[in-house]
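First the structure, in the form of structure tokens, and then the observations on it.
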Amino acid sequence: MTRFIALAAISAAVLAYEVLLTRLFAIIQWHHFAFLAISIALLGFGVSGAALALWRSVVEPRLDAVFSACALTFAVASPVAFFLAQRVPFNALELVWNPWQLLNLGAIYLVLVVPFTAGAACIGIAFLRREDPVGRVYFWNLLGSAVGALGMVFALSALSPVENLAAVLVLGLIAAAFGLAADGDRCRTVAGVGIMLFAAAGWVLAPTSWMTLRIAEHKGLPVALNVTGAELVLERFGPLGLVSVVESPLVPFRSAPGLSLNSPALPPEQIAVFTDADAMTTIDANAGRTPAAYLRNMTNALVYSLMDRPNVLVLNAGGGRLVAQALAHTAARIDAVEPNPNMVKLVRDDYAAFAGHLYDRDEVTLHVADARGFLAATERQWDIIVVEVTGSSAGAHGLNESYLLTVNAITLQLRRLRPGGWLSFTQALKLPPRGALKLILTALAALERRGATSPADHLVLIRGIATTTLLVGRDPVSAQNIAATAAFAEARSFDLAYYPGMLREKANRFNILADPVFFDAAKALTGPGRAAFVERYKFDIAPATDNRPYFHDFFRWRSLPELLAMRSAGGAALLELGELVLMGALGQALLISLVLVLLPLLLGGLSRGRGSLAWSTAAYFTAIGFAFFFIEIAFIQKFILFLGHPSYAFAVVLAGFLVFAGLGARVSERFAQLITTRFGIERPTAAIDMAVAGMALVAIAHLLSAPAVFAALSGLPTGGRALVSLTLIAPLAFFMGMPFPLGLTLVRRADPALTPWAWGVNGCASVNAAILAMLLSMHLGYVAVVVIALVLYAIATRVIHGVVPGNGSSE
């Protein structure tokens with residue numbers, strides 16, 4: 001029993017560390033680095049498998065000792081590796097002009113792979129013990145993994161990043177201690193306790209600087225703290241992000257995106273709040289008592305000039321500025337939706353007096369919920385729905401899923417409008433135009449879905465010096481609406497960019513550009529030449545959908561050479577760095593996995609002299625390695641829509657695939673026997689064929705039914721949605737767990753020496769699949785990634801015949 005506790009502890013520690021890294025990467029770099037954490041973890045499993053295969057004769061006589069040594073290495077290396085990785089001078093923004101940054105990215109891989117290799121080696125050692133039933137080993141491994149993945153989500157709400165790293169260290173030490181005590185030797189037990197105390201003391205005595213998160217210098221929080229007198233006064237860590245509060249008494253914050261240059265009023269005293277050290281919102285002084293007059297002179301105030309005393313829905317309320325703006329325009333009722341409870345606590349509790357008790361106003365109702373889920377779960381309607389579009393000027397947000405800005409989402413928002421109601425979208429102005437154009441196209445597609453006969457007649461677009469605001473009407477724009485818009489813009493020196501019937505000379509009058517590019521583009525997008533304009537445009541402005549929810553991704557590969565040639569003239573600012581970083585990471589992962597996993601196995605002679613048998617084995621395990629993680633990554637991304645945040649989706653989907661794929665692997669042998677005894681099918685590969693067929697049926701059923709299920713059940717609490725998610729994942733993951741053990745069984749029968757070869761090539765494929773799946777989903781969509789995975793599984797069912805005696809294999 002002691003050994004199984006040790007196995008469960010190290011399994012929990014490895015998965016908890018992987019989930020924790022996704023949050024830490026989101027803070028110190030960007031959210032999409034989560035997929036690097038998956039890739040690095042898989043690389044560790046591949047390296048450990050290759051090492052155990054090559055040194056099996058050395059390891060087997062001393063399994064308990066090696067297990068404990070690896071567990072101790074994991075425990076010590078997990079925090080040390082992260083803090084060392086922070087000190088690698090990697091700056092994604094420099095990739096455009098400094099390709100040597102790829103070496104720094106590779107260094108991060110090599111540093112962080114150490115703890116994963118050690119932890120994975122412990123799990124591999126557990127499977128080498130012949131006296132332990134495989135079923136029990138699987139059970140404790142999967143139980144620990146699921147507890148670690150889901151447990152870390154709860155730990156993120158209660159503990160700081162450093163405390164969570166300490167929790168991972170403790171789990172590793174527990175595994176090491178139980179491993180030493182497994183054979184009942186009292187001296188080893190005492191040594192195990194001593195190791196735990198020594199390592200714990202080392203953690204407590206470590207320099208404080210080692211325990212500080214080193215956030216990339218280009219993110220908003222470090223930039224703000226560089227201002228003289230700026231001070232970080234409060235931090236809260238949770239699954240939805242690190243919330244940091246900054247006060248700057250000497251150089252006050254004056255955040256007013258879209259403020260008119262001739263506004264007679266300026267913002268009041270403000271406190272800045274950063275999420276994951278980047279996305280900034282502000283809390284205005286006395287916002288709940290006397291909303292500041294400046295709020296009437298921003299581009300997003302346009303919508304209030306079209307309605308009197310409206311009922312307003314503010315999505316992603318943040319620090320409350322949009323709520324205060326609605327109050328400044330005498331809104332009759334305001335519903336504010338904010339998904340992050342830590343953000344809500346700041347405005348409602350910690351800074352309630354400073355904010356003038358904004359959320360205690362009678363007109364204001366606060367909802368702590370995901371915006372998209374809130375819209376799906378209610379049947380209420382509003383006069384105005386307000387969305388502030390956030391993004392990064394560096395293109396870093398191009399890889400972030402934006403399920404509030406898809407065709408599906410805007411269609412839903414239109415359904416929540418009363419007759420005569422408006423959607424209001426405000427975002428940073430970009431030149432050449434990108435976000436505004438993609439939003440126009442997305443809105444037009446949503447209006448077409450709603451049956452609008454002339455969708456272009458529902459749009460109004462204005463711009464200031466720094467923002468654009470697009471209004472989307474449930475009903476066509478009226479002459480009174482146009483007159484009110486023109487008067488609003490004229491009074492504040494904002495430029496009209498589009499309304500139905502607008503003439504070109506009405507555009508580009510105040511904040512003058514070389515050409516009225518926003519009007520020209522909007523006119524093209526609302527006219528008969530829309531498709532041709534979108535096709536020839538240098539940026540990807542196609543509408544975002546739930547299948548491809550990357551609203552902020554404007555990257556087109558065909559434009560890359562031109563933009564690179566313009567680097568010295570400012571073209572670097574036009575590059576979408578997210579995809580370039582992913583491509584660099586994919587190259588790094590491919591090179592490192594080949595060198596650390598596949599090359600040692602090749603040099604070890606595992607495939608030598610085995611002809612097509614070795615290469616059929618390689619092809620099969622490569623195919624299922626890519627296919628498995630294509631589906632897993634696609635599901636993580638897709639379930640963000642249902643679960644409301646990447647952290648929840650990552651932990652729940654990962655735990656679901658671990659548990660149910662493990663159960664499928666556990667019963668795979670019985671499944672094969674059932675096919676033979678019940679159906680009389682003697683073909684050795686029949687069980688694999690049936691598993692893949694079952695997988696395909698379940699996957700197709702999921703793709704067809706998931707949108708309706710998500711919409712119907714999105715009102716459930718987070719725990720309920722997590723249970724629904726696990727239920728949806730279970731049958732697919734169950735079948736996906738079978739091809740690997742069934743194929744490995746056939747390989748062992750054909751040539752047992754090829755078992756490490758199978759592990760190695762599967763590990764190489766898995767390492768690269770995590771990143772490649774992300775790239776494919778961005779360009780093709782989640783559905784295409786799942787279909788590609790099913791095709792790979794189908795190919796694998798044909799390839800596996802090459803390792804079955806009598807089916808054409810040669811040695």
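Letters A, B, ... go to the chains of the structure tokens in the order shown; residues in each chain start at 1; ligands are counted from 1 in the same order.
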Got a sec to tell me which of range 296-503 of chain A DSSP assigns to strand (DSSP E), as a VMD selection string?
chain A and resid 311 to 315 333 to 337 364 to 367 382 to 388 417 to 428 459 to 463 467 to 473 495 to 498
Which residues in range 407-438 of chain A does DSSP call helix (DSSP H, G or I)? List them as a VMD selection string.
chain A and resid 407 to 415 435 to 438
For the residues in that selection, give me N, CA, C and O atoms as a PDB file, in the first residue's frame.
ATOM      1  N   VAL A 407     -19.405  35.379 -34.091  1.00  0.00           N
ATOM      2  CA  VAL A 407     -20.712  35.490 -34.746  1.00  0.00           C
ATOM      3  C   VAL A 407     -21.800  34.913 -33.844  1.00  0.00           C
ATOM      4  O   VAL A 407     -22.881  35.495 -33.679  1.00  0.00           O
ATOM      5  N   ASN A 408     -21.507  33.764 -33.239  1.00  0.00           N
ATOM      6  CA  ASN A 408     -22.480  33.113 -32.365  1.00  0.00           C
ATOM      7  C   ASN A 408     -22.815  33.997 -31.172  1.00  0.00           C
ATOM      8  O   ASN A 408     -23.975  34.109 -30.766  1.00  0.00           O
ATOM      9  N   ALA A 409     -21.780  34.630 -30.584  1.00  0.00           N
ATOM     10  CA  ALA A 409     -21.994  35.464 -29.398  1.00  0.00           C
ATOM     11  C   ALA A 409     -22.794  36.709 -29.733  1.00  0.00           C
ATOM     12  O   ALA A 409     -23.711  37.098 -28.982  1.00  0.00           O
ATOM     13  N   ILE A 410     -22.472  37.374 -30.830  1.00  0.00           N
ATOM     14  CA  ILE A 410     -23.196  38.599 -31.185  1.00  0.00           C
ATOM     15  C   ILE A 410     -24.632  38.271 -31.593  1.00  0.00           C
ATOM     16  O   ILE A 410     -25.558  39.045 -31.327  1.00  0.00           O
ATOM     17  N   THR A 411     -24.845  37.126 -32.209  1.00  0.00           N
ATOM     18  CA  THR A 411     -26.213  36.682 -32.490  1.00  0.00           C
ATOM     19  C   THR A 411     -27.004  36.549 -31.195  1.00  0.00           C
ATOM     20  O   THR A 411     -28.167  36.977 -31.104  1.00  0.00           O
ATOM     21  N   LEU A 412     -26.375  35.957 -30.175  1.00  0.00           N
ATOM     22  CA  LEU A 412     -27.016  35.813 -28.874  1.00  0.00           C
ATOM     23  C   LEU A 412     -27.279  37.181 -28.235  1.00  0.00           C
ATOM     24  O   LEU A 412     -28.353  37.423 -27.661  1.00  0.00           O
ATOM     25  N   GLN A 413     -26.316  38.087 -28.340  1.00  0.00           N
ATOM     26  CA  GLN A 413     -26.501  39.430 -27.782  1.00  0.00           C
ATOM     27  C   GLN A 413     -27.663  40.161 -28.457  1.00  0.00           C
ATOM     28  O   GLN A 413     -28.445  40.866 -27.797  1.00  0.00           O
ATOM     29  N   LEU A 414     -27.789  40.001 -29.769  1.00  0.00           N
ATOM     30  CA  LEU A 414     -28.907  40.633 -30.480  1.00  0.00           C
ATOM     31  C   LEU A 414     -30.245  40.105 -29.984  1.00  0.00           C
ATOM     32  O   LEU A 414     -31.239  40.846 -29.904  1.00  0.00           O
ATOM     33  N   ARG A 415     -30.281  38.825 -29.631  1.00  0.00           N
ATOM     34  CA  ARG A 415     -31.515  38.247 -29.098  1.00  0.00           C
ATOM     35  C   ARG A 415     -31.864  38.818 -27.729  1.00  0.00           C
ATOM     36  O   ARG A 415     -33.022  38.756 -27.306  1.00  0.00           O
ATOM     37  N   GLY A 435      -9.127  45.502 -36.157  1.00  0.00           N
ATOM     38  CA  GLY A 435     -10.178  45.088 -35.236  1.00  0.00           C
ATOM     39  C   GLY A 435     -11.545  45.638 -35.589  1.00  0.00           C
ATOM     40  O   GLY A 435     -12.551  44.918 -35.524  1.00  0.00           O
ATOM     41  N   ALA A 436     -11.607  46.903 -35.969  1.00  0.00           N
ATOM     42  CA  ALA A 436     -12.902  47.501 -36.326  1.00  0.00           C
ATOM     43  C   ALA A 436     -13.523  46.800 -37.520  1.00  0.00           C
ATOM     44  O   ALA A 436     -14.745  46.584 -37.572  1.00  0.00           O
ATOM     45  N   LEU A 437     -12.687  46.413 -38.480  1.00  0.00           N
ATOM     46  CA  LEU A 437     -13.207  45.744 -39.680  1.00  0.00           C
ATOM     47  C   LEU A 437     -13.671  44.330 -39.370  1.00  0.00           C
ATOM     48  O   LEU A 437     -14.709  43.880 -39.871  1.00  0.00           O
ATOM     49  N   LYS A 438     -12.892  43.620 -38.547  1.00  0.00           N
ATOM     50  CA  LYS A 438     -13.319  42.265 -38.190  1.00  0.00           C
ATOM     51  C   LYS A 438     -14.626  42.323 -37.407  1.00  0.00           C
ATOM     52  O   LYS A 438     -15.511  41.460 -37.585  1.00  0.00           O
TER      53      LYS A 438
END
May I have the residues within 9 Å of Ala484 in chain A as a short mmCIF file (atom, residue, chain, number, x, y, z; two decimals) with C-alpha atoms, in the first residue's frame, using only C-alpha atoms and disregarding those fewer than 3 positions away in the same chain?
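See out-v4.cif below for the written result:
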data_model
loop_
_atom_site.label_atom_id
_atom_site.label_comp_id
_atom_site.auth_asym_id
_atom_site.auth_seq_id
_atom_site.Cartn_x
_atom_site.Cartn_y
_atom_site.Cartn_z
CA LEU A 302 -22.44 57.58 -28.23
CA SER A 305 -27.25 59.82 -27.06
CA LEU A 306 -29.71 57.55 -28.87
CA ALA A 479 -32.83 59.29 -39.58
CA GLN A 480 -33.13 60.46 -35.97
CA ASN A 481 -30.32 58.08 -34.97
CA ALA A 487 -24.44 65.92 -33.36
CA PHE A 488 -22.63 63.81 -30.74
CA ALA A 489 -19.54 63.44 -32.95
#
What's the 8 Å shell around Asp475 in chain A, counting only C-alpha atoms, without same-chain residues fewer than 6 positions away, as a PyMOL selection string?
chain A and resi 419-421+458
Pull all heavy atoms from the residues just selected and write them as a PDB file, in the first residue's frame.
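See part-v1.pdb below for the written result:
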ATOM      1  N   PRO A 419     -36.723  45.767 -28.606  1.00  0.00           N
ATOM      2  CA  PRO A 419     -36.911  46.514 -29.851  1.00  0.00           C
ATOM      3  C   PRO A 419     -36.306  47.911 -29.739  1.00  0.00           C
ATOM      4  O   PRO A 419     -36.501  48.613 -28.741  1.00  0.00           O
ATOM      5  CB  PRO A 419     -38.439  46.569 -30.003  1.00  0.00           C
ATOM      6  CG  PRO A 419     -38.913  45.345 -29.287  1.00  0.00           C
ATOM      7  CD  PRO A 419     -37.984  45.162 -28.123  1.00  0.00           C
ATOM      8  N   GLY A 420     -35.557  48.298 -30.755  1.00  0.00           N
ATOM      9  CA  GLY A 420     -34.872  49.585 -30.740  1.00  0.00           C
ATOM     10  C   GLY A 420     -33.569  49.589 -29.975  1.00  0.00           C
ATOM     11  O   GLY A 420     -32.932  50.637 -29.828  1.00  0.00           O
ATOM     12  N   GLY A 421     -33.142  48.411 -29.486  1.00  0.00           N
ATOM     13  CA  GLY A 421     -31.948  48.317 -28.660  1.00  0.00           C
ATOM     14  C   GLY A 421     -30.655  48.323 -29.465  1.00  0.00           C
ATOM     15  O   GLY A 421     -30.648  48.144 -30.689  1.00  0.00           O
ATOM     16  N   HIS A 458     -27.900  48.471 -40.116  1.00  0.00           N
ATOM     17  CA  HIS A 458     -27.994  48.364 -38.654  1.00  0.00           C
ATOM     18  C   HIS A 458     -26.733  48.877 -37.960  1.00  0.00           C
ATOM     19  O   HIS A 458     -26.633  48.771 -36.736  1.00  0.00           O
ATOM     20  CB  HIS A 458     -28.218  46.905 -38.242  1.00  0.00           C
ATOM     21  CG  HIS A 458     -29.533  46.338 -38.670  1.00  0.00           C
ATOM     22  ND1 HIS A 458     -30.510  45.941 -37.780  1.00  0.00           N
ATOM     23  CD2 HIS A 458     -30.052  46.085 -39.903  1.00  0.00           C
ATOM     24  CE1 HIS A 458     -31.551  45.471 -38.434  1.00  0.00           C
ATOM     25  NE2 HIS A 458     -31.303  45.544 -39.735  1.00  0.00           N
TER      26      HIS A 458
END
Quote the spacing between CA of Leu441 in chain A and CA of Lys523 in chain A in Å to one decimal place.
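So the answer is 11.6 Å.
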Distance table requested - range 204-322 of chain A against range 429-432 of chain A, cut-off 12 Å, only C-alpha atoms: one row per qualifying residue with the closest atom pair and its distance in Å to one decimal, ordered by chain and rising residue number, as CSV.
residue,atom,partner,partner_atom,distance
A:Pro257,CA,A:Leu429,CA,10.1
A:Gly258,CA,A:Leu429,CA,9.2
A:Thr299,CA,A:Leu429,CA,11.3
Just write the chosen residues, N, CA, C and O atoms, as a short mmCIF file (atom, residue, chain, number, x, y, z; two decimals), in the first residue's frame.
data_model
loop_
_atom_site.label_atom_id
_atom_site.label_comp_id
_atom_site.auth_asym_id
_atom_site.auth_seq_id
_atom_site.Cartn_x
_atom_site.Cartn_y
_atom_site.Cartn_z
N PRO A 257 -9.82 55.81 -22.08
CA PRO A 257 -9.72 55.43 -23.49
C PRO A 257 -10.87 55.99 -24.31
O PRO A 257 -12.04 55.82 -23.96
N GLY A 258 -10.53 56.71 -25.37
CA GLY A 258 -11.56 57.28 -26.23
C GLY A 258 -12.03 58.66 -25.82
O GLY A 258 -13.01 59.17 -26.36
N THR A 299 -15.86 58.01 -26.83
CA THR A 299 -16.58 57.47 -28.00
C THR A 299 -17.67 56.50 -27.59
O THR A 299 -18.71 56.41 -28.25
#
Env of range 736-744 of chain A: 7 Å cut, atoms = only C-alpha atoms, seq-sep filter 2 positions within chain, self excluded. Answer as a PyMOL selection string.
chain A and resi 628+661-662+664-665+668+688+691+695+732-734+746-748+755
Nearby residues (only C-alpha atoms) at most 9 Å from range 259-275 of chain A, same-chain spacing under 5 positions excluded, as JSON, numbers by chain:
{"A": [27, 220, 221, 224, 240, 241, 242, 243, 244, 245, 246, 247, 248, 249, 252, 253, 254, 280, 281, 282, 283, 284, 285, 286, 292, 293, 294, 295, 296, 297, 298, 299, 318, 319, 343, 464, 465, 466, 467, 491, 492, 493, 494]}
Which residues are close to Asp335 in chain A, i.e. within 8 Å by only C-alpha atoms, leaving aside same-chain residues fewer than 3 positions away? Reply as number ranges by chain.
A: 312-314, 364-367
Atoms to include: all heavy atoms. Write the selected residues as a CSV table (one decimal), in the first residue's frame.
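Ended up saving to again05.csv:
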chain,number,residue,atom,x,y,z
A,312,VAL,N,-29.5,48.9,-19.0
A,312,VAL,CA,-28.2,48.6,-19.6
A,312,VAL,C,-27.6,47.3,-19.0
A,312,VAL,O,-27.7,47.1,-17.8
A,312,VAL,CB,-27.2,49.8,-19.3
A,312,VAL,CG1,-25.9,49.6,-19.9
A,312,VAL,CG2,-27.8,51.1,-19.8
A,313,LEU,N,-27.0,46.6,-19.9
A,313,LEU,CA,-26.2,45.4,-19.5
A,313,LEU,C,-24.7,45.7,-19.8
A,313,LEU,O,-24.4,45.9,-20.9
A,313,LEU,CB,-26.7,44.1,-20.2
A,313,LEU,CG,-25.8,42.9,-20.0
A,313,LEU,CD1,-25.8,42.4,-18.5
A,313,LEU,CD2,-26.3,41.7,-20.9
A,314,VAL,N,-23.9,45.7,-18.8
A,314,VAL,CA,-22.4,45.9,-18.9
A,314,VAL,C,-21.7,44.5,-18.8
A,314,VAL,O,-21.8,43.9,-17.7
A,314,VAL,CB,-21.9,46.9,-17.9
A,314,VAL,CG1,-20.4,47.0,-18.0
A,314,VAL,CG2,-22.5,48.2,-18.1
A,364,VAL,N,-28.1,49.4,-9.6
A,364,VAL,CA,-27.0,48.5,-10.1
A,364,VAL,C,-27.3,47.1,-9.5
A,364,VAL,O,-27.4,47.0,-8.3
A,364,VAL,CB,-25.6,49.0,-9.7
A,364,VAL,CG1,-24.6,48.0,-10.2
A,364,VAL,CG2,-25.4,50.4,-10.3
A,365,THR,N,-27.3,46.1,-10.3
A,365,THR,CA,-27.3,44.7,-9.9
A,365,THR,C,-26.1,44.0,-10.4
A,365,THR,O,-25.8,44.1,-11.6
A,365,THR,CB,-28.5,44.0,-10.4
A,365,THR,OG1,-29.7,44.7,-10.0
A,365,THR,CG2,-28.6,42.5,-9.9
A,366,LEU,N,-25.3,43.4,-9.5
A,366,LEU,CA,-24.0,42.8,-9.9
A,366,LEU,C,-24.2,41.3,-10.0
A,366,LEU,O,-24.9,40.6,-9.2
A,366,LEU,CB,-23.0,43.1,-8.8
A,366,LEU,CG,-21.6,42.5,-9.0
A,366,LEU,CD1,-20.9,43.2,-10.2
A,366,LEU,CD2,-20.8,42.8,-7.7
A,367,HIS,N,-23.6,40.7,-11.1
A,367,HIS,CA,-23.7,39.3,-11.3
A,367,HIS,C,-22.2,38.8,-11.5
A,367,HIS,O,-21.5,39.3,-12.4
A,367,HIS,CB,-24.4,39.0,-12.6
A,367,HIS,CG,-25.8,39.6,-12.7
A,367,HIS,ND1,-26.9,39.0,-12.2
A,367,HIS,CD2,-26.2,40.8,-13.1
A,367,HIS,CE1,-28.0,39.8,-12.4
A,367,HIS,NE2,-27.6,40.9,-12.9
Looking at A:Leu15, A:Ala6, A:Leu723, A:Ile123, which one is nearest to Ala177 in chain A, with distances taken over only C-alpha atoms?
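Looking only at the distances to Ala177 in chain A, the closest residue turns out to be A:Ala6.
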Figure out the distance between CA of Leu663 in chain A and CA of Leu52 in chain A, please, to one decimal in Å.
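Those two atoms sit 24.4 Å apart.
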